Structure formats: structure tokens, C-alpha cells
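Raw final-v7.pdb, PDB, C-alpha atoms:
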ATOM      1  CA  MET A   1     -90.993 191.450 -77.424
ATOM      2  CA  ILE A   2     -91.753 188.464 -75.173
ATOM      3  CA  PHE A   3     -94.743 186.309 -76.088
ATOM      4  CA  LYS A   4     -96.338 184.477 -73.140
ATOM      5  CA  ASN A   5     -97.978 181.117 -73.573
ATOM      6  CA  ARG A   6    -101.584 181.700 -72.662
ATOM      7  CA  ALA A   7    -102.640 178.079 -73.221
ATOM      8  CA  PRO A   8    -102.213 176.866 -69.611
ATOM      9  CA  ARG A   9    -104.306 179.762 -68.280
ATOM     10  CA  ALA A  10    -106.961 179.160 -70.924
ATOM     11  CA  ALA A  11    -107.023 175.467 -70.044
ATOM     12  CA  ARG A  12    -107.447 176.288 -66.381
ATOM     13  CA  LEU A  13    -110.326 178.638 -67.140
ATOM     14  CA  MET A  14    -111.953 175.990 -69.312
ATOM     15  CA  ALA A  15    -111.581 173.393 -66.529
ATOM     16  CA  VAL A  16    -113.153 175.752 -64.010
ATOM     17  CA  ALA A  17    -116.023 176.455 -66.394
ATOM     18  CA  ILE A  18    -116.619 172.740 -67.010
ATOM     19  CA  ALA A  19    -116.495 172.006 -63.287
ATOM     20  CA  GLY A  20    -119.033 174.752 -62.692
ATOM     21  CA  LEU A  21    -121.340 173.356 -65.353
ATOM     22  CA  ILE A  22    -121.085 169.849 -63.854
ATOM     23  CA  ALA A  23    -121.745 171.149 -60.355
ATOM     24  CA  GLY A  24    -124.690 173.164 -61.610
ATOM     25  CA  HIS A  25    -126.094 170.188 -63.461
ATOM     26  CA  THR A  26    -125.689 167.988 -60.357
ATOM     27  CA  ALA A  27    -127.437 170.552 -58.179
ATOM     28  CA  VAL A  28    -130.331 170.870 -60.628
ATOM     29  CA  ALA A  29    -130.607 167.069 -60.899
ATOM     30  CA  ALA A  30    -130.639 166.755 -57.109
ATOM     31  CA  GLU A  31    -133.316 169.435 -56.774
ATOM     32  CA  ALA A  32    -135.522 167.642 -59.316
ATOM     33  CA  TRP A  33    -134.967 164.247 -57.677
ATOM     34  CA  PRO A  34    -136.877 162.034 -57.670
ATOM     35  CA  ALA A  35    -138.584 162.474 -61.021
ATOM     36  CA  LYS A  36    -139.313 158.775 -61.566
ATOM     37  CA  PRO A  37    -139.591 155.512 -59.603
ATOM     38  CA  ILE A  38    -136.592 154.456 -57.479
ATOM     39  CA  LYS A  39    -135.244 150.900 -57.385
ATOM     40  CA  VAL A  40    -133.868 149.325 -54.217
ATOM     41  CA  ILE A  41    -132.102 146.025 -54.831
ATOM     42  CA  VAL A  42    -132.362 143.476 -52.022
ATOM     43  CA  PRO A  43    -129.611 140.872 -52.536
ATOM     44  CA  TYR A  44    -131.595 138.195 -50.676
ATOM     45  CA  THR A  45    -134.769 136.197 -51.169
ATOM     46  CA  PRO A  46    -138.159 137.720 -50.259
ATOM     47  CA  GLY A  47    -139.180 137.453 -46.625
ATOM     48  CA  GLY A  48    -135.723 137.679 -45.079
ATOM     49  CA  SER A  49    -134.456 140.336 -42.671
ATOM     50  CA  THR A  50    -133.190 142.770 -45.300
ATOM     51  CA  ASP A  51    -136.271 142.359 -47.458
ATOM     52  CA  THR A  52    -138.616 142.875 -44.495
ATOM     53  CA  VAL A  53    -136.895 146.020 -43.205
ATOM     54  CA  SER A  54    -136.626 147.484 -46.701
ATOM     55  CA  ARG A  55    -140.317 147.031 -47.429
ATOM     56  CA  VAL A  56    -141.376 148.556 -44.109
ATOM     57  CA  VAL A  57    -139.020 151.545 -44.322
ATOM     58  CA  PHE A  58    -139.395 152.356 -48.012
ATOM     59  CA  GLU A  59    -143.167 152.162 -47.971
ATOM     60  CA  SER A  60    -142.945 155.214 -45.694
ATOM     61  CA  VAL A  61    -140.099 156.900 -47.602
ATOM     62  CA  SER A  62    -141.966 156.470 -50.890
ATOM     63  CA  LYS A  63    -144.881 158.526 -49.582
ATOM     64  CA  LYS A  64    -142.563 161.357 -48.528
ATOM     65  CA  LEU A  65    -140.701 161.400 -51.857
ATOM     66  CA  GLY A  66    -143.837 161.156 -53.950
ATOM     67  CA  GLN A  67    -142.491 158.370 -56.135
ATOM     68  CA  PRO A  68    -142.822 154.566 -56.054
ATOM     69  CA  ILE A  69    -139.860 152.682 -54.576
ATOM     70  CA  ILE A  70    -139.594 149.272 -56.170
ATOM     71  CA  ILE A  71    -137.979 146.440 -54.193
ATOM     72  CA  GLU A  72    -136.129 144.104 -56.543
ATOM     73  CA  ASN A  73    -134.799 140.837 -55.060
ATOM     74  CA  LYS A  74    -131.477 139.701 -56.527
ATOM     75  CA  PRO A  75    -130.256 136.873 -54.261
ATOM     76  CA  GLY A  76    -127.011 135.008 -54.759
ATOM     77  CA  ALA A  77    -123.418 134.536 -53.582
ATOM     78  CA  ASN A  78    -123.986 135.766 -50.013
ATOM     79  CA  SER A  79    -125.424 139.072 -51.331
ATOM     80  CA  THR A  80    -122.456 139.867 -53.613
ATOM     81  CA  LEU A  81    -124.530 139.382 -56.781
ATOM     82  CA  GLY A  82    -126.992 142.164 -55.980
ATOM     83  CA  VAL A  83    -124.311 144.428 -54.543
ATOM     84  CA  GLY A  84    -122.247 144.010 -57.723
ATOM     85  CA  ILE A  85    -125.227 144.929 -59.899
ATOM     86  CA  THR A  86    -125.705 148.104 -57.869
ATOM     87  CA  ALA A  87    -122.014 148.994 -58.011
ATOM     88  CA  ARG A  88    -122.191 148.922 -61.820
ATOM     89  CA  SER A  89    -125.438 150.912 -62.020
ATOM     90  CA  THR A  90    -125.701 154.515 -63.189
ATOM     91  CA  PRO A  91    -125.110 156.773 -60.147
ATOM     92  CA  ASP A  92    -128.152 158.957 -60.743
ATOM     93  CA  GLY A  93    -130.014 158.382 -57.486
ATOM     94  CA  TYR A  94    -132.446 155.836 -58.896
ATOM     95  CA  THR A  95    -130.676 152.622 -57.856
ATOM     96  CA  PHE A  96    -129.741 151.623 -54.295
ATOM     97  CA  VAL A  97    -129.036 148.363 -52.484
ATOM     98  CA  SER A  98    -130.044 147.204 -49.008
ATOM     99  CA  VAL A  99    -127.389 145.131 -47.258
ATOM    100  CA  LEU A 100    -126.863 143.200 -44.048
ATOM    101  CA  ALA A 101    -123.710 143.133 -41.931
ATOM    102  CA  ALA A 102    -122.609 140.316 -44.247
ATOM    103  CA  TYR A 103    -121.574 143.099 -46.631
ATOM    104  CA  SER A 104    -118.698 143.890 -44.251
ATOM    105  CA  ALA A 105    -117.833 140.217 -43.744
ATOM    106  CA  ASN A 106    -117.641 139.568 -47.494
ATOM    107  CA  MET A 107    -114.617 141.851 -47.751
ATOM    108  CA  SER A 108    -112.516 139.140 -46.095
ATOM    109  CA  LEU A 109    -114.544 136.023 -46.924
ATOM    110  CA  TYR A 110    -113.816 136.403 -50.644
ATOM    111  CA  SER A 111    -110.335 136.883 -52.094
ATOM    112  CA  LYS A 112    -111.916 138.564 -55.123
ATOM    113  CA  LEU A 113    -115.229 140.379 -55.520
ATOM    114  CA  SER A 114    -116.907 141.800 -58.617
ATOM    115  CA  TYR A 115    -116.784 145.234 -56.966
ATOM    116  CA  LYS A 116    -114.549 147.313 -54.706
ATOM    117  CA  PRO A 117    -115.643 149.043 -51.504
ATOM    118  CA  THR A 118    -115.003 152.346 -53.261
ATOM    119  CA  ASP A 119    -117.614 151.429 -55.909
ATOM    120  CA  LEU A 120    -120.361 152.149 -53.370
ATOM    121  CA  VAL A 121    -121.132 154.874 -50.853
ATOM    122  CA  PRO A 122    -123.023 154.514 -47.550
ATOM    123  CA  VAL A 123    -126.407 156.189 -47.267
ATOM    124  CA  ALA A 124    -127.797 155.190 -43.867
ATOM    125  CA  GLU A 125    -128.226 152.348 -41.428
ATOM    126  CA  MET A 126    -131.907 151.441 -41.225
ATOM    127  CA  ALA A 127    -132.133 148.994 -38.336
ATOM    128  CA  GLU A 128    -130.098 146.887 -35.946
ATOM    129  CA  LEU A 129    -130.875 143.186 -35.717
ATOM    130  CA  PRO A 130    -129.856 141.816 -32.300
ATOM    131  CA  LEU A 131    -128.656 138.214 -32.264
ATOM    132  CA  PHE A 132    -129.732 136.064 -29.314
ATOM    133  CA  LEU A 133    -127.934 132.943 -28.123
ATOM    134  CA  PHE A 134    -130.402 130.047 -28.019
ATOM    135  CA  SER A 135    -129.675 126.542 -26.738
ATOM    136  CA  SER A 136    -131.286 123.138 -27.095
ATOM    137  CA  LYS A 137    -133.246 121.788 -24.117
ATOM    138  CA  LYS A 138    -131.201 118.615 -24.522
ATOM    139  CA  LEU A 139    -128.216 120.634 -23.334
ATOM    140  CA  PRO A 140    -128.298 120.937 -19.516
ATOM    141  CA  VAL A 141    -127.494 124.676 -19.428
ATOM    142  CA  LYS A 142    -129.483 127.848 -18.785
ATOM    143  CA  THR A 143    -126.693 130.465 -18.739
ATOM    144  CA  VAL A 144    -123.643 131.288 -20.817
ATOM    145  CA  ALA A 145    -121.407 130.396 -17.865
ATOM    146  CA  GLU A 146    -123.026 126.954 -17.662
ATOM    147  CA  LEU A 147    -122.564 126.541 -21.421
ATOM    148  CA  VAL A 148    -118.838 127.287 -21.183
ATOM    149  CA  ASP A 149    -118.452 124.995 -18.175
ATOM    150  CA  TYR A 150    -120.277 122.175 -19.961
ATOM    151  CA  GLY A 151    -118.193 122.634 -23.098
ATOM    152  CA  LYS A 152    -114.937 122.404 -21.170
ATOM    153  CA  LYS A 153    -116.067 119.276 -19.341
ATOM    154  CA  HIS A 154    -117.297 117.691 -22.579
ATOM    155  CA  PRO A 155    -114.788 118.772 -25.277
ATOM    156  CA  ASP A 156    -115.723 118.429 -28.950
ATOM    157  CA  THR A 157    -119.390 117.742 -28.184
ATOM    158  CA  LEU A 158    -120.873 121.219 -28.716
ATOM    159  CA  THR A 159    -122.223 122.281 -32.093
ATOM    160  CA  PHE A 160    -123.605 125.608 -33.283
ATOM    161  CA  GLY A 161    -125.918 126.250 -36.174
ATOM    162  CA  SER A 162    -126.092 129.251 -38.467
ATOM    163  CA  SER A 163    -127.891 130.503 -41.552
ATOM    164  CA  GLY A 164    -124.815 129.777 -43.676
ATOM    165  CA  VAL A 165    -121.045 130.024 -43.906
ATOM    166  CA  GLY A 166    -119.976 133.645 -43.512
ATOM    167  CA  SER A 167    -123.286 134.822 -42.059
ATOM    168  CA  SER A 168    -123.348 137.084 -39.022
ATOM    169  CA  ALA A 169    -124.658 134.174 -36.964
ATOM    170  CA  HIS A 170    -121.748 132.008 -38.096
ATOM    171  CA  LEU A 171    -119.081 134.595 -37.327
ATOM    172  CA  THR A 172    -120.697 135.410 -33.979
ATOM    173  CA  GLY A 173    -120.589 131.723 -33.068
ATOM    174  CA  GLU A 174    -116.944 131.559 -34.127
ATOM    175  CA  ARG A 175    -116.173 134.511 -31.885
ATOM    176  CA  LEU A 176    -117.855 132.815 -28.939
ATOM    177  CA  ALA A 177    -115.805 129.667 -29.552
ATOM    178  CA  MET A 178    -112.567 131.667 -29.747
ATOM    179  CA  GLU A 179    -113.179 133.829 -26.696
ATOM    180  CA  SER A 180    -114.455 130.977 -24.535
ATOM    181  CA  LYS A 181    -111.752 128.610 -25.867
ATOM    182  CA  LEU A 182    -114.428 126.028 -26.625
ATOM    183  CA  ARG A 183    -114.149 123.579 -29.496
ATOM    184  CA  MET A 184    -117.537 123.865 -31.204
ATOM    185  CA  THR A 185    -118.416 122.375 -34.584
ATOM    186  CA  HIS A 186    -120.190 124.693 -36.994
ATOM    187  CA  ILE A 187    -123.262 123.320 -38.776
ATOM    188  CA  PRO A 188    -124.407 125.656 -41.583
ATOM    189  CA  TYR A 189    -127.978 125.591 -42.836
ATOM    190  CA  ASN A 190    -129.544 127.018 -45.971
ATOM    191  CA  GLY A 191    -130.946 130.164 -44.363
ATOM    192  CA  SER A 192    -132.272 130.712 -40.866
ATOM    193  CA  ALA A 193    -135.569 128.784 -41.214
ATOM    194  CA  PRO A 194    -134.091 125.282 -40.546
ATOM    195  CA  ILE A 195    -132.204 126.384 -37.414
ATOM    196  CA  LEU A 196    -135.195 126.413 -35.078
ATOM    197  CA  PRO A 197    -136.348 122.825 -35.723
ATOM    198  CA  ALA A 198    -132.708 121.735 -35.424
ATOM    199  CA  LEU A 199    -132.497 123.362 -31.978
ATOM    200  CA  VAL A 200    -135.803 121.867 -30.875
ATOM    201  CA  ALA A 201    -134.699 118.401 -32.045
ATOM    202  CA  GLY A 202    -131.280 118.782 -30.430
ATOM    203  CA  GLU A 203    -129.449 118.444 -33.753
ATOM    204  CA  VAL A 204    -127.406 121.502 -32.760
ATOM    205  CA  SER A 205    -126.421 122.623 -29.267
ATOM    206  CA  VAL A 206    -126.698 126.388 -29.698
ATOM    207  CA  ALA A 207    -127.283 129.058 -32.319
ATOM    208  CA  PHE A 208    -127.230 132.822 -32.595
ATOM    209  CA  ASP A 209    -130.439 133.971 -34.232
ATOM    210  CA  PRO A 210    -132.832 136.944 -34.258
ATOM    211  CA  LEU A 211    -135.560 136.922 -31.611
ATOM    212  CA  LEU A 212    -138.842 136.849 -33.520
ATOM    213  CA  VAL A 213    -139.230 133.214 -34.612
ATOM    214  CA  PRO A 214    -137.495 131.313 -31.769
ATOM    215  CA  MET A 215    -138.937 133.282 -28.822
ATOM    216  CA  PRO A 216    -142.383 131.599 -28.787
ATOM    217  CA  HIS A 217    -140.547 128.273 -28.472
ATOM    218  CA  VAL A 218    -138.640 129.668 -25.489
ATOM    219  CA  LYS A 219    -141.967 130.620 -23.907
ATOM    220  CA  SER A 220    -143.348 127.135 -24.538
ATOM    221  CA  GLY A 221    -140.262 125.531 -23.004
ATOM    222  CA  LYS A 222    -138.904 123.861 -26.160
ATOM    223  CA  ILE A 223    -135.574 125.761 -26.200
ATOM    224  CA  ASN A 224    -133.645 128.119 -23.911
ATOM    225  CA  VAL A 225    -132.339 131.641 -24.506
ATOM    226  CA  LEU A 226    -129.049 132.452 -22.774
ATOM    227  CA  ALA A 227    -128.075 135.988 -23.805
ATOM    228  CA  VAL A 228    -128.232 138.719 -26.447
ATOM    229  CA  ALA A 229    -125.144 139.902 -28.321
ATOM    230  CA  SER A 230    -126.055 143.587 -28.291
ATOM    231  CA  ALA A 231    -124.878 146.548 -26.235
ATOM    232  CA  LYS A 232    -128.170 146.743 -24.323
ATOM    233  CA  ARG A 233    -130.850 144.343 -23.188
ATOM    234  CA  TRP A 234    -133.844 143.933 -25.500
ATOM    235  CA  PRO A 235    -136.676 146.126 -24.137
ATOM    236  CA  GLY A 236    -139.307 143.477 -24.766
ATOM    237  CA  GLU A 237    -137.324 140.800 -22.889
ATOM    238  CA  PRO A 238    -135.459 142.689 -20.142
ATOM    239  CA  ASN A 239    -134.563 139.536 -18.213
ATOM    240  CA  ILE A 240    -132.236 138.269 -20.938
ATOM    241  CA  PRO A 241    -128.649 139.384 -20.131
ATOM    242  CA  THR A 242    -126.238 140.745 -22.714
ATOM    243  CA  MET A 243    -123.129 138.758 -23.624
ATOM    244  CA  GLU A 244    -121.102 141.426 -21.851
ATOM    245  CA  GLU A 245    -123.103 140.897 -18.677
ATOM    246  CA  ALA A 246    -122.592 137.155 -19.120
ATOM    247  CA  GLY A 247    -118.834 137.563 -18.845
ATOM    248  CA  PHE A 248    -117.667 138.538 -22.347
ATOM    249  CA  PRO A 249    -116.552 142.198 -22.329
ATOM    250  CA  GLY A 250    -116.930 143.908 -25.693
ATOM    251  CA  PHE A 251    -118.991 141.051 -27.153
ATOM    252  CA  VAL A 252    -121.373 143.157 -29.268
ATOM    253  CA  MET A 253    -122.109 141.364 -32.536
ATOM    254  CA  SER A 254    -125.574 142.431 -33.608
ATOM    255  CA  SER A 255    -126.316 142.373 -37.294
ATOM    256  CA  TRP A 256    -127.728 145.406 -39.103
ATOM    257  CA  THR A 257    -129.310 146.419 -42.354
ATOM    258  CA  GLY A 258    -128.528 149.601 -44.259
ATOM    259  CA  LEU A 259    -128.605 151.302 -47.655
ATOM    260  CA  LEU A 260    -125.778 151.836 -50.161
ATOM    261  CA  ALA A 261    -125.661 153.756 -53.442
ATOM    262  CA  PRO A 262    -123.337 153.542 -56.455
ATOM    263  CA  ALA A 263    -120.256 155.742 -56.053
ATOM    264  CA  GLY A 264    -120.788 159.057 -57.797
ATOM    265  CA  THR A 265    -124.413 159.405 -56.743
ATOM    266  CA  PRO A 266    -124.901 163.154 -56.120
ATOM    267  CA  GLN A 267    -124.233 163.954 -52.478
ATOM    268  CA  PRO A 268    -127.444 165.991 -52.062
ATOM    269  CA  ILE A 269    -129.443 162.924 -53.140
ATOM    270  CA  VAL A 270    -127.558 160.661 -50.726
ATOM    271  CA  ALA A 271    -128.132 163.172 -47.912
ATOM    272  CA  ARG A 272    -131.841 163.503 -48.764
ATOM    273  CA  MET A 273    -132.369 159.742 -48.787
ATOM    274  CA  ALA A 274    -130.559 159.456 -45.438
ATOM    275  CA  ARG A 275    -132.820 162.129 -43.937
ATOM    276  CA  GLU A 276    -135.955 160.408 -45.215
ATOM    277  CA  ILE A 277    -134.827 157.040 -43.816
ATOM    278  CA  ALA A 278    -134.136 158.658 -40.441
ATOM    279  CA  ALA A 279    -137.564 160.307 -40.474
ATOM    280  CA  ALA A 280    -139.223 157.002 -41.356
ATOM    281  CA  THR A 281    -137.491 155.018 -38.613
ATOM    282  CA  ARG A 282    -138.422 157.711 -36.072
ATOM    283  CA  SER A 283    -142.091 157.638 -37.033
ATOM    284  CA  PRO A 284    -144.228 155.770 -34.479
ATOM    285  CA  GLU A 285    -145.840 153.562 -37.131
ATOM    286  CA  VAL A 286    -142.574 152.316 -38.702
ATOM    287  CA  ALA A 287    -140.756 152.065 -35.367
ATOM    288  CA  LYS A 288    -143.604 149.937 -33.963
ATOM    289  CA  LYS A 289    -143.560 147.590 -36.968
ATOM    290  CA  LEU A 290    -139.785 147.119 -36.826
ATOM    291  CA  THR A 291    -139.743 146.571 -33.064
ATOM    292  CA  GLU A 292    -142.500 143.975 -33.286
ATOM    293  CA  LEU A 293    -140.407 142.147 -35.893
ATOM    294  CA  GLY A 294    -137.355 142.110 -33.595
ATOM    295  CA  PHE A 295    -135.440 145.055 -35.071
ATOM    296  CA  VAL A 296    -134.132 148.218 -33.445
ATOM    297  CA  PRO A 297    -134.988 151.265 -35.642
ATOM    298  CA  VAL A 298    -131.856 153.348 -36.251
ATOM    299  CA  GLY A 299    -131.598 155.860 -39.110
ATOM    300  CA  GLY A 300    -128.583 158.165 -39.081
ATOM    301  CA  THR A 301    -126.131 159.899 -41.393
ATOM    302  CA  PRO A 302    -123.977 158.535 -44.223
ATOM    303  CA  ASP A 303    -120.855 159.172 -42.132
ATOM    304  CA  GLU A 304    -122.242 157.236 -39.165
ATOM    305  CA  PHE A 305    -123.042 154.310 -41.436
ATOM    306  CA  ARG A 306    -119.570 154.474 -43.009
ATOM    307  CA  LYS A 307    -117.968 154.185 -39.553
ATOM    308  CA  LEU A 308    -120.168 151.191 -38.721
ATOM    309  CA  ILE A 309    -119.174 149.430 -41.947
ATOM    310  CA  GLU A 310    -115.479 150.112 -41.331
ATOM    311  CA  ARG A 311    -115.715 148.874 -37.722
ATOM    312  CA  ASP A 312    -117.418 145.635 -38.677
ATOM    313  CA  THR A 313    -115.178 145.042 -41.691
ATOM    314  CA  ALA A 314    -112.157 145.067 -39.353
ATOM    315  CA  ARG A 315    -113.951 143.000 -36.692
ATOM    316  CA  TYR A 316    -115.081 140.291 -39.117
ATOM    317  CA  ALA A 317    -111.674 140.190 -40.792
ATOM    318  CA  GLU A 318    -110.090 139.150 -37.478
ATOM    319  CA  ILE A 319    -112.615 136.346 -36.982
ATOM    320  CA  VAL A 320    -112.332 135.130 -40.602
ATOM    321  CA  LYS A 321    -108.545 135.066 -40.403
ATOM    322  CA  ALA A 322    -108.457 133.297 -37.045
ATOM    323  CA  GLY A 323    -111.033 130.733 -38.142
ATOM    324  CA  LYS A 324    -109.530 130.305 -41.622
ATOM    325  CA  ILE A 325    -112.977 130.815 -43.152
ATOM    326  CA  THR A 326    -113.423 131.378 -46.865
ATOM    327  CA  LEU A 327    -116.213 131.468 -49.445
ATOM    328  CA  ASP A 328    -113.954 131.196 -52.500
TER     329      ASP A 328
END
Translate this file's structure into C-alpha cells.
Amino acid sequence: MIFKNRAPRAARLMAVAIAGLIAGHTAVAAEAWPAKPIKVIVPYTPGGSTDTVSRVVFESVSKKLGQPIIIENKPGANSTLGVGITARSTPDGYTFVSVLAAYSANMSLYSKLSYKPTDLVPVAEMAELPLFLFSSKKLPVKTVAELVDYGKKHPDTLTFGSSGVGSSAHLTGERLAMESKLRMTHIPYNGSAPILPALVAGEVSVAFDPLLVPMPHVKSGKINVLAVASAKRWPGEPNIPTMEEAGFPGFVMSSWTGLLAPAGTPQPIVARMAREIAAATRSPEVAKKLTELGFVPVGGTPDEFRKLIERDTARYAEIVKAGKITLD
């Protein structure tokens, strides 16, 4: 008589049963979600771009989900502190993190992070933040072509300001310097607030910055605006050309803000949150608020956001390597 070892088959059956129980539990948890308040970590100080977008969008999402969404500011280390906290959080659908495009840049700016890209999953892009190229009135230029011409005739005299080393504004300025073959000195500031007075005073030649705060000073004649680094012209200021129209093909470097969740967060919860964000950004009330603040409402799927992150991670890595930039 031949005795067959039934253990492997029994083990397989047990594994299938366990997998079924886990899947069933996940489905039930997702159906019951949310059963308590949700926390969204903002890895920046209150009042910044990410904080502003998050508060506008999640005020609307909270009403649809029927639970409070608490914004918790955890600034530090170019957003890596708050992102790391999220990456280590329980993946139960009650902790998320809002990030800027700096999230993609940090992959190459730091040789070591407290988290891996695989520790988080994309949920949805919330809004695009176009960056405009502003110039000091003390600089005798009104177009990008004139800026490049001036820089070549006066080497080593141009400076550009940014909200900090490794910020989107910094890396966008570095790209302009590389593509135009201009030698421009970077002057980092502690956030975006000091950039405007520096431009007005002529302490810096140019700076890439969002539209909202500087534009009144353009209207009053204190500074100039040369172009916008987005794929399309800004609807509210249709006379401002894009960088592509100004002679830099492919120069699309807008920042963005989007939502991530800890890896392992149930997919139905991720998908639901993405749908609610998309619905919020499409609503006339939220879209109007974001547009007035200088943002382009987006929304979208987790896969679309993943592709955006991957694209910008590769794009920023090239700039960081070429410019030998580091935050270590």
C-alpha cells in the first residue's frame, strides 16, 4: 500500500482559507469605512500651498464621507518628516499625507530617507500649482529671450531666488540655467514669503513662484512676469506666454499637490478616497476657491498620480545630478 503525504495539500487549503478570510475582512472594513475621523498629515507649516489645498479639498470630502478629516501639520526636513510618519502608520485608511512635487525630488536629494517609495501608495493628485517666472524691475528685461540675452552679455550677474534648496522653484530655476546655458547664482530663502520683497528690492534677478502673491505687484509695476512653466497659459492671465512658447520646448515644471497612503491600505478605500477627491475638485465651489488661489483643480485616479510621481522623480533626478544638489 502506498501512503501519500497529504500535508502539502492541507497546507494549500489552509492558505486559501486564510487568504479568503483576509480578503473578506478587508472588504468588510472597506465597506464600513470611514467609521471614525480621518487624519491627513501635511508635512509643511500652516498656510502653505499643501496646507491650503488640503483644507479646501478635505472640507468638501469630509461632508461626503460623513466623518471629520483632521489636518495635522508635521513640518520638517523638506517634508520627509511627515511623510515618514505616514509611511510607518497603520494602513487602515485613517492616515494619509498630502505632498508637493518635492516628494519626487527628495528621492534624489537625499542619499537616505526614513522610508522607501514602496512604503506609500498614491491616492490622487489634488491640484496643479503653476510656477511663473518673475523678474526684478532693476533687470532691463520683459521677455525670456531678453533675459537670456542679458545673461549672456553679463555673465555671472544673474541670481534666482527660491523657497529653499531642493524646492520645485529651485529645481525649475536650475533647469532654466542649464537649458539656457546661463550662469545664475541660486539664493535660497526660508519659504516663499521672503522672495517677493527680494524681487521688489532687486536682491534677486528672477524667481519661479506661484501667481497669487506676486501678481498684484506685477499689476502695480513693481516687478515683471515673463512666462509660466506649465503646458498651457493661465486662464486668468492669458497674455503670459508659456516657457515652451518662449523658446524652451518641453519646459513644463509646474508643482502639484496630491495624497498618499501607507502601503497596505485596502485598495477599495484608496479608490473611494480618490473618487471623493475627484468629485470635490470638480465641484464649482471647490474649483472656484482653488482657481482664485492660483491652483488648477485636478483630481484623478491612483494610477494617474503614480505616473506623475514617476515622471517627476526621473525629471528631478536629472536636474539634481547635473547640478550636484544634495540635502544630506
Starting from the PyMOL selection byres ((chain A and resi 291) around 10), expand the selection into actual residues of this file and give them as a ChimeraX atom specification. /A:127,129,212,234-236,286-290,292-297
Ser254 in chain A: which residues within 9 Å, counting only C-alpha atoms, same-chain residues fewer than 4 positions away excluded, as number ranges by chain? A: 101, 128-132, 168-169, 172, 228-231
Expected selection from the PyMOL selection byres ((chain A and resi 190) around 12), given as an MDAnalysis selection string: chainID A and resid 45 78 161:167 187:189 191:195
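The smallest atom-to-atom distance between Pro262 in chain A and any of A:Gly47, A:Pro241, A:Pro117, A:Pro34, using only C-alpha atoms, is found for A:Pro117.
Put simply, CA of Met178 in chain A is 20.5 Å away from CA of Val225 in chain A.
As for CA of Pro238 in chain A and CA of Ala105 in chain A, they are spaced 29.6 Å apart.
Restricting the calculation to all atoms listed in the file, the smallest distance between Leu139 in chain A and any of A:Asp156, A:Glu304, A:Glu31, A:Glu203 is found for A:Glu203.
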